[in-house]
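Containing PDB, C-alpha atoms: entry_31.pdb.
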```
MODEL        1
ATOM      1  CA  MET A   1       8.863  13.273  -2.657
ATOM      2  CA  HIS A   2       8.895  15.296   0.569
ATOM      3  CA  GLU A   3       5.152  15.033   1.096
ATOM      4  CA  LEU A   4       5.565  12.524   3.934
ATOM      5  CA  GLY A   5       7.795  14.934   5.825
ATOM      6  CA  ILE A   6       5.193  17.674   5.323
ATOM      7  CA  VAL A   7       2.487  15.325   6.595
ATOM      8  CA  PHE A   8       4.389  14.875   9.880
ATOM      9  CA  TYR A   9       4.442  18.653  10.338
ATOM     10  CA  ILE A  10       0.707  18.877   9.620
ATOM     11  CA  ILE A  11      -0.022  16.106  12.130
ATOM     12  CA  ARG A  12       2.040  17.854  14.799
ATOM     13  CA  ASP A  13       0.283  21.201  14.269
ATOM     14  CA  VAL A  14      -3.198  19.665  14.053
ATOM     15  CA  LYS A  15      -2.703  17.666  17.262
ATOM     16  CA  GLN A  16      -1.497  20.786  19.008
ATOM     17  CA  ALA A  17      -4.495  22.825  17.825
ATOM     18  CA  ALA A  18      -6.905  20.035  18.783
ATOM     19  CA  GLU A  19      -5.454  19.768  22.273
ATOM     20  CA  GLN A  20      -5.645  23.516  22.757
ATOM     21  CA  ASN A  21      -9.327  23.383  21.817
ATOM     22  CA  GLY A  22     -10.127  20.342  23.945
ATOM     23  CA  VAL A  23     -10.922  18.228  20.872
ATOM     24  CA  GLU A  24     -10.581  14.439  21.066
ATOM     25  CA  HIS A  25     -11.081  13.527  17.431
ATOM     26  CA  VAL A  26     -10.583  15.498  14.229
ATOM     27  CA  SER A  27     -12.774  14.478  11.263
ATOM     28  CA  ALA A  28     -11.162  16.622   8.561
ATOM     29  CA  VAL A  29      -8.208  18.927   8.001
ATOM     30  CA  VAL A  30      -8.521  21.613   5.321
ATOM     31  CA  MET A  31      -5.287  22.718   3.650
ATOM     32  CA  ASN A  32      -4.511  25.678   1.395
ATOM     33  CA  ILE A  33      -1.943  24.406  -1.090
ATOM     34  CA  GLY A  34      -0.417  26.850  -3.565
ATOM     35  CA  GLU A  35      -0.100  25.847  -7.216
ATOM     36  CA  VAL A  36       3.682  26.379  -7.127
ATOM     37  CA  SER A  37       4.293  25.105  -3.599
ATOM     38  CA  THR A  38       6.063  21.963  -4.962
ATOM     39  CA  ILE A  39       3.470  19.811  -3.185
ATOM     40  CA  VAL A  40       1.792  17.108  -5.258
ATOM     41  CA  PRO A  41      -1.744  16.924  -3.791
ATOM     42  CA  GLU A  42      -2.227  13.206  -4.590
ATOM     43  CA  TYR A  43       1.018  12.297  -2.824
ATOM     44  CA  LEU A  44       0.071  14.440   0.123
ATOM     45  CA  THR A  45      -3.298  12.716   0.564
ATOM     46  CA  ASP A  46      -1.701   9.257   0.128
ATOM     47  CA  CYS A  47       0.945   9.986   2.774
ATOM     48  CA  TRP A  48      -1.716  11.534   4.974
ATOM     49  CA  ARG A  49      -3.863   8.377   4.915
ATOM     50  CA  TRP A  50      -0.896   6.211   5.898
ATOM     51  CA  ALA A  51       0.362   8.457   8.696
ATOM     52  CA  ALA A  52      -2.900   9.887  10.080
ATOM     53  CA  ASP A  53      -4.421   6.455  10.706
ATOM     54  CA  LYS A  54      -1.553   5.703  13.071
ATOM     55  CA  GLU A  55      -2.765   8.517  15.347
ATOM     56  CA  GLU A  56      -5.764   7.845  17.607
ATOM     57  CA  MET A  57      -6.982  11.440  17.255
ATOM     58  CA  LEU A  58      -6.792  11.350  13.445
ATOM     59  CA  LYS A  59      -8.118   7.875  12.574
ATOM     60  CA  GLY A  60     -10.216   8.189   9.414
ATOM     61  CA  CYS A  61      -9.622  11.938   9.336
ATOM     62  CA  GLU A  62      -9.941  13.327   5.808
ATOM     63  CA  LEU A  63      -7.405  15.713   4.290
ATOM     64  CA  LYS A  64      -9.190  18.273   2.093
ATOM     65  CA  ILE A  65      -7.037  20.290  -0.272
ATOM     66  CA  LEU A  66      -7.962  23.726  -1.594
ATOM     67  CA  THR A  67      -5.716  24.901  -4.430
ATOM     68  CA  VAL A  68      -4.470  28.478  -4.262
ATOM     69  CA  PRO A  69      -3.798  29.776  -7.808
ATOM     70  CA  ALA A  70      -0.305  31.167  -8.367
ATOM     71  CA  ILE A  71      -0.321  34.858  -9.302
ATOM     72  CA  THR A  72       2.738  36.951 -10.114
ATOM     73  CA  HIS A  73       2.953  40.725  -9.808
ATOM     74  CA  CYS A  74       5.051  42.778 -12.230
ATOM     75  CA  ASP A  75       6.879  45.764 -10.727
ATOM     76  CA  SER A  76       7.561  47.315 -14.145
ATOM     77  CA  CYS A  77       3.969  47.660 -15.392
ATOM     78  CA  GLY A  78       1.981  46.918 -12.245
ATOM     79  CA  GLU A  79      -0.030  44.125 -13.888
ATOM     80  CA  GLN A  80      -0.701  40.683 -12.463
ATOM     81  CA  TYR A  81      -0.714  37.411 -14.355
ATOM     82  CA  PRO A  82      -1.010  33.616 -13.817
ATOM     83  CA  THR A  83       2.439  32.276 -12.850
ATOM     84  CA  VAL A  84       2.060  28.722 -14.152
ATOM     85  CA  LYS A  85       1.284  29.891 -17.684
ATOM     86  CA  PHE A  86       3.903  32.652 -18.045
ATOM     87  CA  GLY A  87       6.637  31.989 -15.456
ATOM     88  CA  LYS A  88       8.915  34.790 -14.376
ATOM     89  CA  LYS A  89       8.553  37.004 -17.458
ATOM     90  CA  CYS A  90       5.583  39.415 -17.519
ATOM     91  CA  PRO A  91       3.330  38.697 -20.573
ATOM     92  CA  HIS A  92       2.151  42.344 -20.551
ATOM     93  CA  CYS A  93       5.485  44.160 -20.827
ATOM     94  CA  GLY A  94       8.221  41.492 -21.017
ATOM     95  CA  SER A  95       9.928  42.582 -17.785
ATOM     96  CA  ASP A  96      11.411  40.037 -15.382
ATOM     97  CA  LYS A  97      11.127  42.332 -12.361
ATOM     98  CA  THR A  98       8.315  40.199 -11.038
ATOM     99  CA  TRP A  99       7.481  38.469  -7.787
ATOM    100  CA  LEU A 100       5.085  35.820  -6.603
ATOM    101  CA  LEU A 101       2.013  37.369  -5.009
ATOM    102  CA  GLN A 102       0.457  34.066  -3.955
ATOM    103  CA  GLY A 103       0.744  30.388  -4.785
ATOM    104  CA  ASN A 104       3.447  28.904  -2.553
ATOM    105  CA  GLU A 105       1.175  28.320   0.451
ATOM    106  CA  VAL A 106       1.393  25.127   2.486
ATOM    107  CA  GLU A 107      -1.069  26.181   5.115
ATOM    108  CA  ILE A 108      -3.493  24.507   7.491
ATOM    109  CA  LYS A 109      -6.683  26.494   6.957
ATOM    110  CA  GLU A 110      -8.964  24.840   9.471
ATOM    111  CA  ILE A 111      -9.919  21.589  11.141
ATOM    112  CA  GLU A 112     -13.380  20.043  11.335
ATOM    113  CA  VAL A 113     -14.522  18.219  14.427
ATOM    114  CA  THR A 114     -17.761  16.387  15.052
TER     115      THR A 114
ATOM    116  CA  MET B   1     -25.322  13.215  11.340
ATOM    117  CA  ASP B   2     -23.453  15.150  13.999
ATOM    118  CA  LYS B   3     -23.002  18.829  13.418
ATOM    119  CA  VAL B   4     -19.536  19.663  12.164
ATOM    120  CA  LYS B   5     -17.646  22.319  14.061
ATOM    121  CA  VAL B   6     -14.905  24.185  12.234
ATOM    122  CA  ILE B   7     -11.869  25.511  14.059
ATOM    123  CA  GLU B   8      -9.879  28.031  12.059
ATOM    124  CA  ILE B   9      -6.090  27.569  12.205
ATOM    125  CA  LYS B  10      -4.613  29.460   9.242
ATOM    126  CA  LYS B  11      -1.023  28.580   9.919
ATOM    127  CA  SER B  12       1.791  27.824   7.509
ATOM    128  CA  VAL B  13       3.253  24.359   7.955
ATOM    129  CA  PHE B  14       6.700  25.986   7.826
ATOM    130  CA  ALA B  15       5.947  28.671  10.451
ATOM    131  CA  ASP B  16       7.396  26.796  13.452
ATOM    132  CA  ASN B  17      10.477  25.762  11.518
ATOM    133  CA  ASP B  18      11.093  29.306  10.257
ATOM    134  CA  ARG B  19      10.889  30.584  13.829
ATOM    135  CA  ASP B  20      13.240  27.864  15.138
ATOM    136  CA  ALA B  21      15.682  28.626  12.313
ATOM    137  CA  ASP B  22      15.721  32.359  13.102
ATOM    138  CA  SER B  23      16.370  31.734  16.761
ATOM    139  CA  LEU B  24      19.157  29.254  15.977
ATOM    140  CA  ARG B  25      20.760  31.824  13.648
ATOM    141  CA  SER B  26      20.772  34.553  16.279
ATOM    142  CA  GLU B  27      22.206  32.132  18.859
ATOM    143  CA  LEU B  28      25.015  31.235  16.450
ATOM    144  CA  LYS B  29      25.605  34.938  15.780
ATOM    145  CA  SER B  30      26.104  35.609  19.479
ATOM    146  CA  LYS B  31      28.516  32.665  19.705
ATOM    147  CA  GLY B  32      30.406  33.809  16.612
ATOM    148  CA  VAL B  33      29.782  30.515  14.816
ATOM    149  CA  TYR B  34      29.045  30.534  11.056
ATOM    150  CA  LEU B  35      26.825  27.713   9.789
ATOM    151  CA  LEU B  36      26.814  26.834   6.085
ATOM    152  CA  ASN B  37      24.082  24.593   4.697
ATOM    153  CA  LEU B  38      25.549  22.685   1.757
ATOM    154  CA  MET B  39      23.115  20.885  -0.526
ATOM    155  CA  SER B  40      23.286  18.869  -3.755
ATOM    156  CA  SER B  41      22.170  15.713  -5.530
ATOM    157  CA  PRO B  42      23.683  12.414  -4.367
ATOM    158  CA  GLY B  43      27.069  11.883  -6.002
ATOM    159  CA  SER B  44      27.783  15.505  -6.952
ATOM    160  CA  GLY B  45      31.047  15.465  -5.005
ATOM    161  CA  LYS B  46      30.093  17.241  -1.774
ATOM    162  CA  THR B  47      32.427  15.222   0.440
ATOM    163  CA  THR B  48      35.429  15.458  -1.919
ATOM    164  CA  THR B  49      34.853  19.206  -2.278
ATOM    165  CA  LEU B  50      34.682  19.602   1.484
ATOM    166  CA  ILE B  51      37.909  17.699   2.077
ATOM    167  CA  ARG B  52      39.764  19.934  -0.397
ATOM    168  CA  THR B  53      38.252  23.110   1.018
ATOM    169  CA  ILE B  54      38.821  22.200   4.660
ATOM    170  CA  ASN B  55      42.459  21.389   3.980
ATOM    171  CA  LEU B  56      42.873  24.868   2.447
ATOM    172  CA  LEU B  57      41.173  26.594   5.374
ATOM    173  CA  LYS B  58      42.040  24.614   8.463
ATOM    174  CA  ASP B  59      45.039  26.780   9.408
ATOM    175  CA  LYS B  60      42.909  29.921   9.178
ATOM    176  CA  LEU B  61      39.622  28.745  10.677
ATOM    177  CA  ARG B  62      38.482  26.165  13.193
ATOM    178  CA  ILE B  63      36.027  24.026  11.297
ATOM    179  CA  ALA B  64      33.571  21.269  12.194
ATOM    180  CA  VAL B  65      31.413  19.217   9.830
ATOM    181  CA  MET B  66      27.977  17.667  10.338
ATOM    182  CA  GLU B  67      27.095  14.998   7.802
ATOM    183  CA  ALA B  68      23.395  14.330   7.385
ATOM    184  CA  ASP B  69      22.307  11.109   5.742
ATOM    185  CA  ILE B  70      19.447   8.712   5.970
ATOM    186  CA  ASP B  71      21.870   6.000   7.069
ATOM    187  CA  SER B  72      25.591   5.063   7.476
ATOM    188  CA  ASP B  73      28.557   7.129   8.676
ATOM    189  CA  VAL B  74      30.900   6.723   5.695
ATOM    190  CA  ASP B  75      31.033  10.458   4.934
ATOM    191  CA  ALA B  76      31.775  11.548   8.503
ATOM    192  CA  VAL B  77      34.579   8.980   8.783
ATOM    193  CA  LYS B  78      36.006   9.991   5.394
ATOM    194  CA  ILE B  79      36.117  13.695   6.358
ATOM    195  CA  LYS B  80      37.704  12.978   9.731
ATOM    196  CA  GLU B  81      40.379  10.736   8.210
ATOM    197  CA  ALA B  82      41.238  13.114   5.391
ATOM    198  CA  THR B  83      41.280  16.398   7.340
ATOM    199  CA  GLY B  84      41.590  15.561  11.050
ATOM    200  CA  ILE B  85      38.801  17.970  11.965
ATOM    201  CA  GLN B  86      35.761  17.343  14.133
ATOM    202  CA  SER B  87      33.169  15.533  12.059
ATOM    203  CA  ILE B  88      29.879  14.068  13.242
ATOM    204  CA  GLN B  89      27.193  12.044  11.503
ATOM    205  CA  LEU B  90      23.483  12.819  11.791
ATOM    206  CA  HIS B  91      20.817  10.342  10.813
ATOM    207  CA  THR B  92      17.551  11.794   9.616
ATOM    208  CA  GLY B  93      15.549   8.686  10.453
ATOM    209  CA  GLY B  94      14.318   8.223   6.903
ATOM    210  CA  MET B  95      13.492  11.886   6.384
ATOM    211  CA  CYS B  96      14.612  13.465   3.126
ATOM    212  CA  HIS B  97      15.845  16.712   4.678
ATOM    213  CA  LEU B  98      16.997  18.388   7.880
ATOM    214  CA  ASP B  99      14.927  21.013   9.639
ATOM    215  CA  ALA B 100      16.051  23.610  12.175
ATOM    216  CA  GLU B 101      15.285  21.410  15.181
ATOM    217  CA  MET B 102      17.308  18.479  13.787
ATOM    218  CA  THR B 103      20.157  20.884  13.014
ATOM    219  CA  ARG B 104      20.082  22.180  16.571
ATOM    220  CA  GLN B 105      20.175  18.630  17.953
ATOM    221  CA  GLY B 106      23.160  17.946  15.710
ATOM    222  CA  LEU B 107      24.949  21.083  16.915
ATOM    223  CA  ASP B 108      24.415  19.954  20.524
ATOM    224  CA  ASN B 109      26.811  17.121  19.733
ATOM    225  CA  VAL B 110      29.501  19.383  18.288
ATOM    226  CA  MET B 111      32.090  20.920  20.580
ATOM    227  CA  LEU B 112      31.479  24.506  19.482
ATOM    228  CA  GLU B 113      34.062  26.080  21.807
ATOM    229  CA  GLY B 114      36.427  28.064  19.568
ATOM    230  CA  VAL B 115      34.809  26.791  16.349
ATOM    231  CA  ASP B 116      34.413  29.466  13.618
ATOM    232  CA  LEU B 117      32.693  27.496  10.897
ATOM    233  CA  VAL B 118      30.315  24.538  10.898
ATOM    234  CA  ILE B 119      29.477  23.016   7.539
ATOM    235  CA  LEU B 120      26.266  21.042   7.368
ATOM    236  CA  GLU B 121      26.294  18.528   4.536
ATOM    237  CA  ASN B 122      22.576  18.127   3.967
ATOM    238  CA  VAL B 123      20.863  15.003   2.573
ATOM    239  CA  GLY B 124      21.635  14.551  -1.142
ATOM    240  CA  ASN B 125      18.411  15.768  -2.733
ATOM    241  CA  LEU B 126      17.435  18.862  -4.753
ATOM    242  CA  VAL B 127      13.817  19.090  -3.641
ATOM    243  CA  CYS B 128      13.140  18.776   0.068
ATOM    244  CA  PRO B 129      16.164  20.429   1.703
ATOM    245  CA  ALA B 130      15.297  23.644  -0.162
ATOM    246  CA  GLU B 131      11.937  23.838   1.629
ATOM    247  CA  PHE B 132      13.326  23.869   5.141
ATOM    248  CA  ASP B 133      15.380  26.658   6.665
ATOM    249  CA  THR B 134      18.035  24.915   8.783
ATOM    250  CA  GLY B 135      19.124  28.046  10.645
ATOM    251  CA  ALA B 136      22.253  28.351   8.518
ATOM    252  CA  VAL B 137      23.731  31.764   7.691
ATOM    253  CA  ARG B 138      23.920  30.864   3.990
ATOM    254  CA  ASN B 139      22.779  28.109   1.655
ATOM    255  CA  ALA B 140      25.141  26.780  -0.966
ATOM    256  CA  MET B 141      24.730  23.967  -3.447
ATOM    257  CA  ILE B 142      26.929  21.858  -5.673
ATOM    258  CA  LEU B 143      25.795  20.987  -9.169
ATOM    259  CA  SER B 144      28.024  18.603 -11.096
ATOM    260  CA  VAL B 145      28.546  18.673 -14.854
ATOM    261  CA  PRO B 146      27.073  15.190 -15.581
ATOM    262  CA  GLU B 147      23.767  16.286 -14.012
ATOM    263  CA  GLY B 148      23.181  18.783 -16.831
ATOM    264  CA  ASP B 149      23.014  22.573 -17.225
ATOM    265  CA  ASP B 150      19.211  22.643 -17.066
ATOM    266  CA  LYS B 151      18.898  21.747 -13.363
ATOM    267  CA  PRO B 152      18.134  25.354 -12.306
ATOM    268  CA  LEU B 153      15.076  25.162 -14.554
ATOM    269  CA  LYS B 154      13.936  21.846 -13.114
ATOM    270  CA  TYR B 155      14.543  22.608  -9.437
ATOM    271  CA  PRO B 156      13.712  26.323  -9.208
ATOM    272  CA  LEU B 157      13.303  26.508  -5.441
ATOM    273  CA  MET B 158      16.722  24.982  -4.700
ATOM    274  CA  PHE B 159      18.449  27.528  -6.915
ATOM    275  CA  SER B 160      16.430  30.468  -5.605
ATOM    276  CA  VAL B 161      17.403  29.779  -1.963
ATOM    277  CA  CYS B 162      21.140  29.358  -2.648
ATOM    278  CA  ASP B 163      23.599  32.237  -2.333
ATOM    279  CA  LEU B 164      26.361  30.209  -3.918
ATOM    280  CA  VAL B 165      26.279  27.590  -6.673
ATOM    281  CA  ILE B 166      29.423  25.503  -7.108
ATOM    282  CA  ILE B 167      29.709  23.696 -10.426
ATOM    283  CA  ASN B 168      31.821  20.599  -9.866
ATOM    284  CA  LYS B 169      33.518  18.042 -12.140
ATOM    285  CA  MET B 170      34.637  20.692 -14.640
ATOM    286  CA  ASP B 171      37.304  18.200 -15.798
ATOM    287  CA  VAL B 172      34.677  16.106 -17.593
ATOM    288  CA  LEU B 173      33.116  19.080 -19.399
ATOM    289  CA  PRO B 174      34.387  17.940 -22.855
ATOM    290  CA  TYR B 175      32.449  14.676 -22.545
ATOM    291  CA  PHE B 176      29.099  16.165 -21.631
ATOM    292  CA  ASN B 177      26.629  18.420 -23.330
ATOM    293  CA  PHE B 178      26.931  21.039 -20.568
ATOM    294  CA  ASP B 179      26.917  24.739 -21.434
ATOM    295  CA  LEU B 180      28.498  26.654 -18.524
ATOM    296  CA  GLU B 181      27.326  30.088 -19.700
ATOM    297  CA  LYS B 182      23.785  28.848 -20.183
ATOM    298  CA  CYS B 183      23.852  27.266 -16.743
ATOM    299  CA  LYS B 184      25.019  30.547 -15.171
ATOM    300  CA  GLU B 185      22.187  32.326 -16.966
ATOM    301  CA  TYR B 186      19.625  29.836 -15.592
ATOM    302  CA  VAL B 187      21.028  30.263 -12.061
ATOM    303  CA  LYS B 188      20.712  34.076 -12.364
ATOM    304  CA  MET B 189      17.105  33.672 -13.490
ATOM    305  CA  ARG B 190      16.362  31.980 -10.173
ATOM    306  CA  ASN B 191      18.507  34.211  -8.014
ATOM    307  CA  PRO B 192      20.201  37.262  -9.557
ATOM    308  CA  ARG B 193      22.494  37.602  -6.503
ATOM    309  CA  ALA B 194      23.814  34.019  -6.585
ATOM    310  CA  ARG B 195      27.549  33.593  -7.071
ATOM    311  CA  VAL B 196      28.664  30.770  -9.387
ATOM    312  CA  ILE B 197      32.059  29.085  -8.880
ATOM    313  CA  PRO B 198      33.190  26.341 -11.299
ATOM    314  CA  ILE B 199      35.575  23.819  -9.702
ATOM    315  CA  CYS B 200      37.083  20.388 -10.064
ATOM    316  CA  ALA B 201      37.222  18.835  -6.595
ATOM    317  CA  LEU B 202      39.260  15.886  -7.868
ATOM    318  CA  ASN B 203      42.294  17.956  -8.916
ATOM    319  CA  GLY B 204      41.521  20.992  -6.757
ATOM    320  CA  GLU B 205      41.047  23.496  -9.555
ATOM    321  CA  GLY B 206      38.867  26.443  -8.523
ATOM    322  CA  VAL B 207      38.448  25.198  -4.948
ATOM    323  CA  GLU B 208      40.458  28.176  -3.703
ATOM    324  CA  ALA B 209      37.695  30.534  -4.870
ATOM    325  CA  PHE B 210      35.218  28.644  -2.695
ATOM    326  CA  ALA B 211      37.623  28.733   0.264
ATOM    327  CA  ASP B 212      38.105  32.500  -0.196
ATOM    328  CA  TRP B 213      34.359  33.036  -0.331
ATOM    329  CA  LEU B 214      33.924  31.082   2.909
ATOM    330  CA  LEU B 215      36.739  32.912   4.671
ATOM    331  CA  GLU B 216      35.231  36.282   3.774
ATOM    332  CA  GLU B 217      31.747  35.147   4.827
ATOM    333  CA  VAL B 218      32.968  33.873   8.213
ATOM    334  CA  THR B 219      35.020  37.034   8.834
ATOM    335  CA  ASN B 220      32.010  39.266   8.110
ATOM    336  CA  TRP B 221      29.712  37.142  10.303
ATOM    337  CA  LYS B 222      32.038  37.369  13.287
ATOM    338  CA  GLN B 223      32.266  41.165  13.166
TER     339      GLN B 223
ENDMDL
END
```

Would you write the structure of this file as structure tokens?
Amino acid sequence: MHELGIVFYIIRDVKQAAEQNGVEHVSAVVMNIGEVSTIVPEYLTDCWRWAADKEEMLKGCELKILTVPAITHCDSCGEQYPTVKFGKKCPHCGSDKTWLLQGNEVEIKEIEVT
Amino acid sequence: MDKVKVIEIKKSVFADNDRDADSLRSELKSKGVYLLNLMSSPGSGKTTTLIRTINLLKDKLRIAVMEADIDSDVDAVKIKEATGIQSIQLHTGGMCHLDAEMTRQGLDNVMLEGVDLVILENVGNLVCPAEFDTGAVRNAMILSVPEGDDKPLKYPLMFSVCDLVIINKMDVLPYFNFDLEKCKEYVKMRNPRARVIPICALNGEGVEAFADWLLEEVTNWKQ
């Protein structure tokens, strides 16, 4: 439900990067979105279409989403495991002294210009 | 077809906000002002809780409140009438949360001279406000009994960013299938350091514990 707000941040950062690089039109924006980032990719692309087309520099610009798998590290046994499947508890040793290694990214990876 | 040129950016969408929030926090530190970001679902009793708490603390601390809503100023007016303290309304312009920049703009409209504590009542929502650091010293949230004891499982991020979880409407506990111990356990799963305080804002029960927590927090921050 906060995807529209996120889209406004992306637009601001992309416009800034484009201006710094002397770019007049951006054809695609590539995002790294973590599996447990709380972003729903379909909502993000829907909101993007609505908001980006209101910007001259981003008319027709495509939002490409790359999913970053969520991986948790266990401090007790040193193993790593997929977060979505097992949550906070390590499936190798049962410890809950675990932390998210990757998977909460909401990151602009790159922009494509023609 | 034209050749596509790729410009690498590799920047978190939250990076600017995190930086703004850190700089706001250090500014507040130098001014000796403590900012609390209070979050919850709509209707959990944030405003009633605040009125009770402010009335307990207003002789000990100078307090101001910023109410953030998508529209209307009913909460700001209610707080001002019931406590007499400085209370301003922020409109988020349709946004579901406040970020650090919006918080700063709000603070520009508060007379901070001599103020010890500013309480930001964030937009009623358990998802978006958790994503954005407002620049507050601490995050707190109110969960009310009718919402259910499983909310920490459903909204993990909200509960992992909060240092304090207030459980409100304890007076209606007998009518709901709400297990307080289970709820505390779920909160600890998300954030082992989180403090849980059960209250009833309507009759004031437990509110003193929240007021004491705030007083201690503000005193430590100003040292």

Inset, instruction - Quick one: everything within 12 Å of Gly94 (chain A), counting all atoms listed in the file, minus sequence neighbours fewer than 3 positions away in the same chain. Send it as a VMD selection string. - result: chain A and resid 74 to 77 79 81 86 to 91 97 to 98

Could I get the residues of chain A with an atom no further than 7 Å from an atom of chain B, each paired with its nearest atom pair and that distance in Å to one decimal, using all atoms listed in the file, sorted by chain and residue number, as a Markdown table?
```
| residue | atom | partner | partner_atom | distance |
| --- | --- | --- | --- | --- |
| A:His2 | CA | B:Cys128 | CA | 5.5 |
| A:Gly5 | CA | B:Met95 | CA | 6.5 |
| A:Tyr9 | CA | B:Val13 | CA | 6.3 |
| A:Ile10 | CA | B:Val13 | CA | 6.3 |
| A:Val106 | CA | B:Ser12 | CA | 5.7 |
| A:Glu107 | CA | B:Ser12 | CA | 4.1 |
| A:Ile108 | CA | B:Lys11 | CA | 5.3 |
| A:Lys109 | CA | B:Lys10 | CA | 4.3 |
| A:Glu110 | CA | B:Glu8 | CA | 4.2 |
| A:Ile111 | CA | B:Ile7 | CA | 5.3 |
| A:Glu112 | CA | B:Val6 | CA | 4.5 |
| A:Val113 | CA | B:Lys5 | CA | 5.2 |
| A:Thr114 | CA | B:Val4 | CA | 4.7 |
```

Inset, instruction - With the file shown as input, list the residues that the PyMOL selection byres ((chain A and resi 42) around 12) selects, as a PyMOL selection string. - result: chain A and resi 1+3-4+33+39-41+43-49+63-65

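The residues returned by the PyMOL selection byres ((chain B and resi 147-154) around 7) for this structure are Ser144, Val145, Pro146, Tyr155, Pro156, Phe159, Phe178, Asp179, Leu180, Lys182, Cys183, Tyr186 and Val187 of chain B.
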
Inset, instruction - Tell me which protein, DNA and RNA residues are within 12 Å of Glu208 (chain B), counting all atoms listed in the file, leaving out same-chain ones fewer than 2 positions away, and put them as number ranges by chain. - result: B: 49-50, 52-57, 166, 197-201, 203-206, 210-215

Have region 158-171 of chain B completed to N, CA, C and O atoms, please, and pass it along as a compact mmCIF listing (two decimals), keeping the file's coordinate frame.
```txt
# COMPACT_ATOMS: atom_id res chain seq x y z
N MET B 158 15.36 25.21 -5.17
CA MET B 158 16.72 24.98 -4.70
C MET B 158 17.65 26.13 -5.13
O MET B 158 18.41 26.67 -4.34
N PHE B 159 17.54 26.51 -6.41
CA PHE B 159 18.45 27.53 -6.92
C PHE B 159 18.07 28.93 -6.44
O PHE B 159 18.91 29.81 -6.39
N SER B 160 16.79 29.13 -6.08
CA SER B 160 16.43 30.47 -5.60
C SER B 160 16.81 30.67 -4.14
O SER B 160 16.96 31.81 -3.71
N VAL B 161 17.02 29.59 -3.37
CA VAL B 161 17.40 29.78 -1.96
C VAL B 161 18.92 29.77 -1.76
O VAL B 161 19.40 30.02 -0.66
N CYS B 162 19.68 29.46 -2.82
CA CYS B 162 21.14 29.36 -2.65
C CYS B 162 21.86 30.66 -2.98
O CYS B 162 21.59 31.29 -4.00
N ASP B 163 22.79 31.04 -2.12
CA ASP B 163 23.60 32.24 -2.33
C ASP B 163 24.83 31.91 -3.17
O ASP B 163 25.47 32.79 -3.72
N LEU B 164 25.18 30.63 -3.18
CA LEU B 164 26.36 30.21 -3.92
C LEU B 164 26.07 28.89 -4.64
O LEU B 164 25.53 27.96 -4.04
N VAL B 165 26.41 28.84 -5.91
CA VAL B 165 26.28 27.59 -6.67
C VAL B 165 27.67 27.19 -7.14
O VAL B 165 28.33 27.93 -7.88
N ILE B 166 28.12 26.02 -6.69
CA ILE B 166 29.42 25.50 -7.11
C ILE B 166 29.16 24.52 -8.24
O ILE B 166 28.29 23.65 -8.10
N ILE B 167 29.87 24.66 -9.34
CA ILE B 167 29.71 23.70 -10.43
C ILE B 167 30.94 22.79 -10.43
O ILE B 167 32.05 23.24 -10.72
N ASN B 168 30.71 21.54 -10.07
CA ASN B 168 31.82 20.60 -9.87
C ASN B 168 32.01 19.68 -11.08
O ASN B 168 31.15 19.59 -11.94
N LYS B 169 33.14 19.01 -11.09
CA LYS B 169 33.52 18.04 -12.14
C LYS B 169 33.75 18.75 -13.48
O LYS B 169 33.35 18.26 -14.54
N MET B 170 34.36 19.94 -13.42
CA MET B 170 34.64 20.69 -14.64
C MET B 170 35.60 19.93 -15.55
O MET B 170 35.66 20.20 -16.76
N ASP B 171 36.35 18.97 -14.99
CA ASP B 171 37.30 18.20 -15.80
C ASP B 171 36.61 17.33 -16.84
O ASP B 171 37.21 16.98 -17.86
```
